[in-house]
Structures are given as C-alpha cells and as structure tokens.
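Source file work-v5.csv; content: CSV, C-alpha atoms.
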```csv
chain,number,residue,atom,x,y,z
D,1297,MET,CA,0.0,0.0,0.0
D,1298,ARG,CA,2.8,2.4,0.8
D,1299,PRO,CA,4.3,2.4,-2.8
D,1300,MET,CA,0.9,3.1,-4.3
D,1301,LEU,CA,0.5,6.1,-2.0
D,1302,ILE,CA,3.9,7.4,-3.1
D,1303,TRP,CA,3.1,7.0,-6.8
D,1304,SER,CA,-0.2,8.7,-6.3
D,1305,VAL,CA,1.4,11.7,-4.7
D,1306,LEU,CA,4.0,12.0,-7.4
D,1307,PHE,CA,1.3,11.8,-10.1
D,1308,GLY,CA,-0.7,14.6,-8.5
D,1309,VAL,CA,2.3,16.8,-8.3
D,1310,SER,CA,3.2,16.1,-11.9
D,1311,LEU,CA,-0.4,16.9,-13.0
D,1312,ILE,CA,-0.2,20.3,-11.2
D,1313,VAL,CA,3.1,21.2,-12.8
D,1314,HIS,CA,1.8,20.3,-16.2
D,1315,THR,CA,-1.3,22.4,-15.8
D,1316,ILE,CA,0.7,25.4,-14.7
D,1317,ILE,CA,3.1,25.1,-17.7
D,1318,SER,CA,0.2,24.7,-20.2
D,1319,TRP,CA,-1.5,27.8,-18.8
D,1320,GLN,CA,1.7,29.8,-19.2
D,1321,ILE,CA,2.2,28.7,-22.8
D,1322,GLY,CA,-1.4,29.7,-23.6
D,1323,GLN,CA,-0.7,33.2,-22.2
D,1324,ASP,CA,2.3,33.6,-24.4
D,1325,ILE,CA,0.4,32.5,-27.5
D,1326,GLY,CA,-2.4,35.0,-26.8
D,1327,ASN,CA,0.0,37.9,-26.4
D,1328,PRO,CA,2.5,37.9,-29.3
D,1329,LEU,CA,5.8,39.5,-28.7
D,1330,GLU,CA,6.1,43.2,-29.1
D,1331,PRO,CA,8.1,44.1,-32.2
D,1332,PRO,CA,11.6,45.1,-31.4
D,1333,GLU,CA,12.5,48.7,-31.4
D,1334,GLU,CA,13.3,50.2,-34.8
D,1335,VAL,CA,17.0,50.3,-35.3
D,1336,GLU,CA,18.3,53.2,-37.4
D,1337,ILE,CA,20.8,52.0,-40.0
D,1338,ASN,CA,23.1,54.5,-41.6
D,1339,ILE,CA,24.7,53.4,-44.8
D,1340,ALA,CA,27.7,55.4,-45.7
D,1341,VAL,CA,27.9,56.3,-49.4
D,1342,ALA,CA,31.4,56.0,-50.7
D,1343,GLU,CA,33.0,59.0,-52.3
D,1344,PRO,CA,32.9,58.9,-56.2
D,1345,LEU,CA,36.1,57.6,-57.7
D,1346,PRO,CA,38.4,60.2,-59.2
D,1347,GLU,CA,38.7,60.4,-62.9
D,1348,PRO,CA,41.4,58.1,-64.3
D,1349,LEU,CA,44.7,59.9,-64.8
D,1350,GLU,CA,45.6,60.4,-68.5
D,1351,ARG,CA,49.0,59.1,-69.4
D,1352,PRO,CA,51.1,62.0,-70.5
D,1353,LYS,CA,51.8,62.1,-74.2
D,1354,PRO,CA,55.3,62.6,-75.4
D,1355,GLU,CA,55.9,66.1,-76.6
D,1356,ASP,CA,57.5,64.9,-79.8
D,1357,PRO,CA,56.9,61.7,-81.7
D,1358,LEU,CA,59.6,59.1,-81.8
D,1359,LEU,CA,61.5,59.3,-85.1
D,1360,PHE,CA,63.9,56.7,-86.2
D,1361,GLU,CA,66.2,58.3,-88.8
D,1362,GLU,CA,68.7,55.4,-88.8
D,1363,GLU,CA,67.9,52.4,-90.9
D,1364,PHE,CA,68.1,49.2,-89.0
D,1365,GLU,CA,70.6,46.7,-90.3
D,1366,ILE,CA,71.2,43.1,-89.5
D,1367,GLU,CA,74.7,42.0,-90.4
D,1368,PRO,CA,74.7,38.4,-91.6
D,1369,PRO,CA,77.6,36.1,-90.7
D,1370,ASP,CA,80.8,36.3,-92.7
D,1371,LYS,CA,80.0,33.0,-94.4
D,1372,LEU,CA,76.5,33.0,-95.8
D,1373,ILE,CA,74.5,29.8,-96.0
D,1374,ALA,CA,71.5,30.3,-98.3
D,1375,PRO,CA,68.2,29.0,-96.7
D,1376,GLU,CA,66.4,26.4,-98.7
D,1377,ALA,CA,63.7,28.8,-99.8
D,1378,VAL,CA,66.2,30.9,-101.8
D,1379,THR,CA,68.7,28.2,-102.9
D,1380,ALA,CA,69.7,28.6,-106.5
D,1381,PRO,CA,69.0,25.8,-109.0
D,1382,ALA,CA,71.4,23.0,-109.6
D,1383,PRO,CA,73.9,23.6,-112.4
D,1384,ASP,CA,72.0,21.3,-114.7
D,1385,ALA,CA,68.8,23.4,-114.4
D,1386,PRO,CA,68.2,25.6,-117.5
D,1387,LEU,CA,68.3,29.2,-116.5
D,1388,ALA,CA,67.8,32.5,-118.3
D,1389,LEU,CA,65.8,35.6,-117.6
D,1390,ARG,CA,63.9,35.6,-120.8
D,1391,ALA,CA,60.9,33.2,-120.6
D,1392,ASP,CA,60.0,31.7,-123.9
D,1393,SER,CA,56.9,30.0,-122.7
D,1394,GLY,CA,54.9,33.2,-122.7
D,1395,GLY,CA,53.7,32.7,-119.2
D,1396,THR,CA,53.1,35.5,-116.8
D,1397,THR,CA,53.0,33.9,-113.4
D,1398,GLY,CA,55.8,34.4,-111.0
D,1399,PHE,CA,56.8,36.3,-108.0
D,1400,ASP,CA,56.7,40.1,-107.4
D,1401,LEU,CA,60.0,41.8,-108.0
D,1402,PRO,CA,60.9,45.2,-106.5
D,1403,ASN,CA,60.0,48.2,-108.6
D,1404,PRO,CA,60.8,48.7,-111.4
D,1405,LEU,CA,61.3,45.0,-112.0
D,1406,SER,CA,57.7,43.8,-111.5
D,1407,ALA,CA,57.0,44.1,-115.2
D,1408,LEU,CA,59.6,41.4,-116.0
D,1409,PRO,CA,57.8,38.4,-117.6
D,1410,LEU,CA,59.2,35.3,-115.9
D,1411,GLY,CA,57.0,32.5,-117.0
D,1412,GLU,CA,55.6,29.5,-115.3
D,1413,GLY,CA,57.7,27.6,-112.8
D,1414,PHE,CA,59.4,30.7,-111.3
D,1415,GLY,CA,58.2,30.2,-107.8
D,1416,THR,CA,57.8,32.6,-105.0
D,1417,ALA,CA,60.7,31.1,-103.1
D,1418,GLY,CA,63.1,32.6,-105.7
D,1419,PHE,CA,65.3,30.5,-107.9
D,1420,GLY,CA,63.7,27.2,-107.1
D,1421,GLY,CA,64.1,23.9,-108.8
D,1422,GLY,CA,60.9,24.4,-110.7
D,1423,ILE,CA,62.2,26.9,-113.3
D,1424,GLY,CA,62.5,24.3,-116.0
D,1425,ASN,CA,60.9,24.9,-119.3
D,1426,ALA,CA,59.7,28.4,-118.5
D,1427,LEU,CA,63.2,29.7,-118.6
D,1428,GLY,CA,64.8,27.9,-121.5
D,1429,ASN,CA,67.7,28.9,-123.8
D,1430,SER,CA,69.9,29.4,-120.8
D,1431,ASN,CA,73.5,29.0,-120.0
D,1432,ASN,CA,74.1,26.5,-117.2
D,1433,ARG,CA,77.2,28.5,-116.1
D,1434,PHE,CA,74.9,31.4,-115.1
D,1435,ALA,CA,72.9,29.1,-112.8
D,1436,SER,CA,76.1,27.9,-111.2
D,1437,PHE,CA,77.3,31.5,-110.9
D,1438,ILE,CA,74.1,32.7,-109.2
D,1439,SER,CA,74.1,29.7,-106.9
D,1440,ASP,CA,77.7,30.5,-105.7
D,1441,LEU,CA,76.8,34.2,-105.1
D,1442,ARG,CA,73.7,33.3,-103.1
D,1443,THR,CA,75.7,30.8,-101.0
D,1444,ASN,CA,78.8,32.9,-100.3
D,1445,GLY,CA,77.7,36.5,-100.7
D,1446,LEU,CA,78.4,39.4,-103.1
D,1447,ASP,CA,80.3,42.6,-102.2
D,1448,VAL,CA,80.5,45.4,-104.8
D,1449,VAL,CA,82.4,48.7,-104.5
D,1450,PHE,CA,82.1,51.4,-107.1
D,1451,VAL,CA,85.2,53.6,-107.4
D,1452,VAL,CA,84.1,56.7,-109.2
D,1453,ASP,CA,86.0,59.7,-110.6
D,1454,ALA,CA,84.4,62.8,-109.0
D,1455,THR,CA,86.1,65.5,-111.0
D,1456,GLY,CA,84.2,68.2,-113.0
D,1457,SER,CA,83.7,66.3,-116.3
D,1458,MET,CA,81.9,63.4,-114.5
D,1459,GLY,CA,78.9,65.4,-113.3
D,1460,TRP,CA,76.4,63.8,-115.6
D,1461,ALA,CA,77.5,60.2,-114.7
D,1462,ILE,CA,77.5,60.9,-110.9
D,1463,ASP,CA,74.0,62.5,-111.2
D,1464,GLU,CA,72.7,59.3,-112.9
D,1465,ILE,CA,74.2,57.1,-110.3
D,1466,LYS,CA,72.5,59.2,-107.6
D,1467,ASP,CA,69.2,59.0,-109.3
D,1468,ARG,CA,69.4,55.2,-110.1
D,1469,ILE,CA,71.2,53.8,-107.2
D,1470,TYR,CA,68.0,52.1,-106.0
D,1471,ASP,CA,67.6,50.5,-109.4
D,1472,ILE,CA,71.1,49.2,-109.3
D,1473,VAL,CA,70.7,47.7,-105.8
D,1474,SER,CA,67.3,46.3,-106.2
D,1475,THR,CA,68.1,44.7,-109.6
D,1476,VAL,CA,71.2,42.9,-108.3
D,1477,ARG,CA,69.3,41.8,-105.1
D,1478,THR,CA,66.6,40.3,-107.3
D,1479,LEU,CA,69.3,37.7,-108.1
D,1480,VAL,CA,71.5,37.9,-104.9
D,1481,PRO,CA,69.4,39.1,-101.9
D,1482,ALA,CA,72.4,39.3,-99.6
D,1483,ALA,CA,74.5,41.7,-101.8
D,1484,ARG,CA,76.2,44.6,-100.2
D,1485,PHE,CA,77.4,47.9,-101.9
D,1486,GLY,CA,80.0,50.5,-101.2
D,1487,PHE,CA,81.3,53.7,-102.8
D,1488,VAL,CA,84.6,55.5,-103.2
D,1489,ALA,CA,84.8,59.0,-104.8
D,1490,PHE,CA,88.2,60.3,-105.8
D,1491,ARG,CA,89.6,63.5,-107.4
D,1492,ASP,CA,93.1,64.7,-108.2
D,1493,HIS,CA,96.0,65.1,-105.7
D,1494,ASN,CA,95.8,68.9,-105.5
D,1495,ASP,CA,92.0,69.1,-105.0
D,1496,PRO,CA,91.2,71.6,-102.1
D,1497,GLU,CA,88.1,69.7,-101.0
D,1498,PHE,CA,89.1,66.1,-100.8
D,1499,LEU,CA,91.3,63.4,-102.5
D,1500,VAL,CA,89.2,60.4,-101.5
D,1501,ARG,CA,85.8,59.9,-99.8
D,1502,SER,CA,84.3,56.5,-99.2
D,1503,GLU,CA,81.3,54.6,-97.9
D,1504,PRO,CA,82.2,51.1,-96.7
D,1505,LEU,CA,80.1,48.1,-97.8
D,1506,THR,CA,76.6,48.1,-96.4
D,1507,PHE,CA,73.2,46.6,-96.8
D,1508,SER,CA,71.6,50.0,-96.3
D,1509,THR,CA,70.4,51.9,-99.3
D,1510,ALA,CA,69.8,54.9,-97.1
D,1511,LYS,CA,73.5,55.0,-96.2
D,1512,LEU,CA,74.4,55.0,-99.9
D,1513,HIS,CA,72.0,57.9,-100.5
D,1514,ARG,CA,73.5,59.9,-97.6
D,1515,PHE,CA,76.9,59.4,-99.2
D,1516,LEU,CA,75.9,60.2,-102.8
D,1517,ASP,CA,73.4,63.0,-102.3
D,1518,PRO,CA,75.9,65.7,-101.3
D,1519,LEU,CA,78.6,64.5,-103.7
D,1520,GLN,CA,79.3,67.0,-106.5
D,1521,ALA,CA,81.6,66.7,-109.4
D,1522,ALA,CA,84.3,69.4,-109.3
D,1523,GLY,CA,88.0,69.9,-109.8
D,1524,GLY,CA,90.4,68.2,-112.2
D,1525,GLY,CA,91.7,70.3,-115.0
D,1526,ASP,CA,94.3,68.0,-116.5
D,1527,ILE,CA,94.1,64.6,-118.3
D,1528,TRP,CA,95.2,62.5,-115.3
D,1529,GLU,CA,93.4,61.8,-112.0
D,1530,GLU,CA,94.3,60.0,-108.8
D,1531,VAL,CA,92.9,56.6,-109.7
D,1532,ASN,CA,95.5,54.9,-107.6
D,1533,ALA,CA,94.3,56.6,-104.4
D,1534,GLY,CA,90.7,55.7,-105.2
D,1535,ILE,CA,91.5,52.0,-105.9
D,1536,ALA,CA,93.6,51.8,-102.7
D,1537,ALA,CA,90.7,53.1,-100.6
D,1538,GLY,CA,88.3,50.6,-102.3
D,1539,ILE,CA,90.6,47.7,-101.6
D,1540,ASP,CA,91.8,48.6,-98.1
D,1541,ASP,CA,88.8,50.4,-96.5
D,1542,SER,CA,85.6,48.7,-97.7
D,1543,GLY,CA,85.3,45.9,-95.1
D,1544,TRP,CA,85.0,42.9,-97.4
D,1545,ARG,CA,83.4,39.7,-96.1
D,1546,VAL,CA,85.3,36.5,-95.8
D,1547,GLY,CA,84.4,34.1,-98.6
D,1548,ALA,CA,82.2,36.6,-100.5
D,1549,ARG,CA,82.8,37.5,-104.1
D,1550,ARG,CA,84.6,40.8,-104.2
D,1551,ILE,CA,84.0,43.1,-107.1
D,1552,ILE,CA,85.4,46.6,-107.8
D,1553,ILE,CA,84.1,48.7,-110.7
D,1554,LEU,CA,86.2,51.7,-111.7
D,1555,VAL,CA,84.1,54.4,-113.4
D,1556,GLY,CA,85.9,57.3,-115.0
D,1557,ASP,CA,86.9,59.3,-118.1
D,1558,ALA,CA,90.6,60.0,-117.4
D,1559,PRO,CA,93.6,57.8,-117.0
D,1560,PRO,CA,95.6,57.3,-113.8
D,1561,ARG,CA,98.8,59.3,-113.2
D,1562,GLU,CA,101.8,57.7,-115.0
D,1563,GLU,CA,104.1,57.9,-112.0
D,1564,SER,CA,101.8,55.8,-109.9
D,1565,PHE,CA,100.6,53.4,-112.6
D,1566,ASP,CA,102.9,50.5,-111.8
D,1567,GLU,CA,102.1,50.8,-108.1
D,1568,LEU,CA,98.4,50.7,-109.1
D,1569,LEU,CA,98.8,47.5,-111.2
D,1570,GLY,CA,100.7,45.8,-108.3
D,1571,ARG,CA,97.9,46.6,-105.9
D,1572,ILE,CA,95.3,45.2,-108.2
D,1573,HIS,CA,97.3,42.0,-108.7
D,1574,ARG,CA,97.3,41.5,-104.9
D,1575,PHE,CA,93.6,42.1,-104.8
D,1576,THR,CA,92.8,39.5,-107.5
D,1577,ALA,CA,95.2,37.0,-105.7
D,1578,ASN,CA,92.8,37.2,-102.7
D,1579,GLY,CA,89.8,36.4,-104.8
D,1580,GLY,CA,88.8,39.9,-106.0
D,1581,THR,CA,87.8,41.1,-109.5
D,1582,LEU,CA,88.2,44.6,-110.9
D,1583,SER,CA,86.3,45.8,-114.0
D,1584,THR,CA,86.3,49.3,-115.6
D,1585,LEU,CA,83.8,51.5,-117.3
D,1586,ASP,CA,85.2,54.2,-119.6
D,1587,VAL,CA,82.6,56.9,-119.9
D,1588,SER,CA,84.9,59.4,-121.8
D,1589,PRO,CA,83.6,61.0,-125.0
D,1590,SER,CA,86.5,59.5,-127.0
D,1591,ALA,CA,85.4,56.0,-126.0
D,1592,ASN,CA,81.7,56.8,-126.5
D,1593,PRO,CA,81.1,58.9,-129.6
D,1594,GLY,CA,77.4,58.0,-129.3
D,1595,LEU,CA,77.3,60.2,-126.2
D,1596,ILE,CA,78.4,63.2,-128.3
D,1597,GLU,CA,75.7,62.4,-131.0
D,1598,ILE,CA,73.0,62.2,-128.3
D,1599,ARG,CA,74.1,65.5,-126.7
D,1600,GLU,CA,74.6,67.3,-130.0
D,1601,GLY,CA,71.6,65.8,-131.8
D,1602,ARG,CA,73.6,65.1,-134.9
D,1603,PRO,CA,76.0,62.3,-136.2
D,1604,VAL,CA,79.7,62.7,-135.8
D,1605,ASN,CA,82.7,61.3,-137.7
D,1606,ARG,CA,83.4,58.3,-135.5
D,1607,ALA,CA,86.6,57.6,-137.3
D,1608,ILE,CA,88.3,60.3,-135.3
D,1609,TYR,CA,87.2,58.7,-132.0
D,1610,ARG,CA,88.7,55.8,-130.2
D,1611,GLY,CA,85.4,54.0,-129.7
D,1612,LYS,CA,86.8,51.6,-127.1
D,1613,PRO,CA,88.2,51.8,-123.5
D,1614,MET,CA,91.4,53.7,-123.0
D,1615,ARG,CA,94.7,51.8,-122.9
D,1616,GLU,CA,95.2,52.3,-119.2
D,1617,PHE,CA,91.7,51.0,-118.4
D,1618,LEU,CA,92.4,47.9,-120.5
D,1619,GLU,CA,95.6,47.2,-118.6
D,1620,ILE,CA,93.8,47.7,-115.3
D,1621,THR,CA,91.1,45.3,-116.3
D,1622,GLU,CA,93.6,42.7,-117.4
D,1623,ALA,CA,95.3,42.9,-114.0
D,1624,GLY,CA,91.9,42.8,-112.3
D,1625,LYS,CA,90.7,39.8,-114.3
D,1626,GLY,CA,87.4,41.6,-115.1
D,1627,ASP,CA,85.8,43.3,-118.0
D,1628,ALA,CA,86.5,46.6,-119.7
D,1629,GLY,CA,83.3,48.3,-120.8
D,1630,THR,CA,82.0,51.4,-122.5
D,1631,LEU,CA,78.5,52.7,-122.8
D,1632,HIS,CA,78.0,51.0,-126.2
D,1633,GLY,CA,76.3,54.0,-127.6
D,1634,ASP,CA,73.8,54.4,-124.7
D,1635,VAL,CA,73.7,56.9,-121.9
D,1636,LYS,CA,72.4,54.4,-119.3
D,1637,VAL,CA,75.4,54.1,-116.9
D,1638,THR,CA,73.0,52.1,-114.6
D,1639,LYS,CA,72.6,49.2,-117.1
D,1640,ARG,CA,76.3,49.0,-117.8
D,1641,LEU,CA,77.2,48.9,-114.1
D,1642,ILE,CA,74.8,46.0,-113.5
D,1643,THR,CA,76.1,44.1,-116.5
D,1644,LEU,CA,79.7,44.5,-115.2
D,1645,ILE,CA,78.7,43.3,-111.8
D,1646,MET,CA,77.5,40.0,-113.2
D,1647,GLY,CA,80.1,39.9,-116.0
D,1648,GLU,CA,79.9,40.5,-119.7
D,1649,GLN,CA,79.8,36.8,-120.3
D,1650,PHE,CA,76.3,36.8,-118.9
D,1651,ALA,CA,75.1,39.8,-120.9
D,1652,ASN,CA,72.5,37.8,-122.8
D,1653,GLU,CA,71.0,36.3,-119.6
D,1654,MET,CA,70.8,39.7,-118.1
D,1655,ARG,CA,69.3,41.4,-121.1
D,1656,ALA,CA,65.6,40.7,-120.3
D,1657,LEU,CA,66.1,41.9,-116.7
D,1658,LEU,CA,67.7,45.1,-117.8
D,1659,GLU,CA,65.0,45.9,-120.4
D,1660,VAL,CA,62.7,47.2,-117.6
D,1661,ILE,CA,65.3,49.7,-116.2
```

Encoded form (structure tokens):
Amino acid sequence: MRPMLIWSVLFGVSLIVHTIISWQIGQDIGNPLEPPEEVEINIAVAEPLPEPLERPKPEDPLLFEEEFEIEPPDKLIAPEAVTAPAPDAPLALRADSGGTTGFDLPNPLSALPLGEGFGTAGFGGGIGNALGNSNNRFASFISDLRTNGLDVVFVVDATGSMGWAIDEIKDRIYDIVSTVRTLVPAARFGFVAFRDHNDPEFLVRSEPLTFSTAKLHRFLDPLQAAGGGDIWEEVNAGIAAGIDDSGWRVGARRIIILVGDAPPREESFDELLGRIHRFTANGGTLSTLDVSPSANPGLIEIREGRPVNRAIYRGKPMREFLEITEAGKGDAGTLHGDVKVTKRLITLIMGEQFANEMRALLEVI
C-alpha cells in the first residue's frame, strides 16, 4: 500500500506542474511578442572615384632616322627557300613560254615576264621549261653568289667632267641595288669617290660596304663633281681606298668597278697594277667602265643631236683601263652608244659573259 501512495502523490504533483506550464504557454500565444524597437541603420555612401589619370603624351613623336641593319655572318649559307637551282637546271631571264605567273619583284622589276615555274621562293628547282635557252654557267654563278655573298664597290671619278655620270648614279642607285638583289638578296654595296692630288676639298671619300640603301643615298646626295683640270686623275688613291677600307666579307665574291673618263697618273701606274694583282690574288675582280667621249662617240651624238665622224674617236676603252682590267681579271666596258650608266654597271657586276642572260632583266630599267 505504501508504494501506491507514493506514486499517487507524485502523479498529482506532476499533473499540477503540467497544468501550470500549459497555462503559461497559452498566455504567451495569446499575447504575441512586441516588435523590437526600430534600429536606425546608416549606410555610408562612398565618395565617387576620381577620374582616371591620363598618361602624359610625349611632346615629340619618336622618329627613327637610322635604318636598321642586320649583319649576316661572314660565311653566308642560303636558306632552302632561296637556294639557287642545280647547275644542270636551264636558267635564263627571258621566258619563252609566254607565261606571266611568277613572284613580285621590286619596282621597277615587277614588269619582267618570268613565265611558269618561277616560284615565290626565288630561284627554285621548278624553273625548268619556263626559262629555256639558258647557259648553265649562269645558274652555277648565281648559286655561288647566293651561298657565299656578293660585295660590290664602285670607285668613281668625281672631277668636273663626271657630273652627268654621278647624277645618274645618284638617281638610279635604288635600281642598281634592287636589280642585283633580285638575283642575290644578300648583296652589299660600297662607294669611293676620288679626285686629283691637288684638290682643295678632298682626295678620296668612301662609304664602306653596307646593306643600307639609305647610307648609300646619304653618301651620294651631297657628292658633287668638281676639280680636275688635266688629263690624269688619282685613280691609284681611289682603288687603294676601295681595296683597303671597304670591309670585305670573308668568302664573299669581291668586285670593284672603276668608273671614269681620265687615266691614272703615270708615276703611280705601276704601283696601281701591283695593288690590283694582290687584290685578285685574294679572290677579287676589278672591272672598268670608260665613260669618256672618246670611248663613246654615241654620247656626243646624243648631246649634239647630230651624227659625228666616228673615225676620229677611239670608240673603245682607253689603254690604261684595258691594262687595269687585265690585271683585275674583269671586263673593260664602254656605254655601247647608250647613256644608261646604270645598265652597264649591273652588267659589269654580273660579268659581260652573262650579258644575254641579263638582257631581259635590264629591259625594264
């Protein structure tokens, strides 16, 4: 009986507690919580970003007056894209096929009809029938120049009677350079101007071998023909500067072309020939271009507008130029009745033996 009494008491107490809790919960449901007090929220507005700063502009534009040059190695190795044809490939510059496809050449050479098979990579192996009637020696010659390089120095008489020739070289130096580089892209050019021993302005001026046409123009543009007065000039000093001061590449074909209308001084002629022999012994070639009226009666006819008695003119290079050419293992040329010094210089660079192969190329100059 006693355990039952205890459980009854505990049950009663539990019932009372439950009743009280239920009543309290009912009160809470009947009276919802008061809303919390409003909280004032201040949102700070960021200051507007400042305008972006403008980068200051340079006061003066950047100007590059100097032409960039990349000097190739002394020994040139032609890349495959410009390798010349094998010696057994027929090669000439006049296309008999009548085709017109080919690659673009620098002005004024773009008009040259090259025919089918003359690919954009230069003298490729696909020339074939488009360039027939050729001399295989020319193909081998061009191949050698493209592999080893070509250096050409013009040694020019700059005395008073040479004004017309110097003016043409100034005007056509781009044609000379671009035409040769159509065949030999890595060709370099240099200039030497000489006068007589007593000239008050200069005896010799030179521009070493360079790839830069701009440098050639800067040398030639201020050059004026002046001085002289007798029949001899300091050819020896000009040739000496061309041989010693031009900066020839190792392994490249070295060519000097003497352009003048007066012989060298007799007292230095033997010294000059000895110097030329040493130049050729080191692989050089020296050719001459006699532009004197006596060697070119056609010049007089063009200037006078009438025929002349050619029997009284020499009509060929002067004796001294012939001896210089023999020592230099080159060619002795005249203008052949033309006034185009440019064409004759290009022909002498490649050699008179290849005049036929060069004829079509020179027709557009």

Task: Selection near D:Ala1591, 10 Å with all atoms listed in the file, sequence-local residues under 2 positions removed, as a PyMOL selection string - done: chain D and resi 1557+1585-1589+1593-1595+1606+1609-1614+1629-1633

Task: Shortest interatomic distance to D:Thr1506 - which of D:Trp1303, D:Phe1565, D:Phe1617, D:Trp1544, counting all atoms listed in the file - done: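 The shortest atom-to-atom distance to D:Thr1506 comes from D:Trp1544.
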
TODO: May I have the residues at most 10 Å from (79.6, 57.5, -104.7) in the file's coordinates, counting all atoms listed in the file, as a PyMOL selection string?
DONE: chain D and resi 1449-1454+1462-1463+1465-1466+1469+1486-1490+1501-1503+1512-1520

Task: Shortest interatomic distance to D:Gly1579 - which of D:Ala1533, D:Val1546, D:Ile1645, D:Ile1608, counting only C-alpha atoms - done: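 That would be D:Val1546, the residue with the smallest distance to D:Gly1579.
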
TODO: Could you jot down the atom CA of D:Ala1483 to atom CA of D:Ala1521 separation for me, Å, one decimal place?
DONE: 27.1 Å
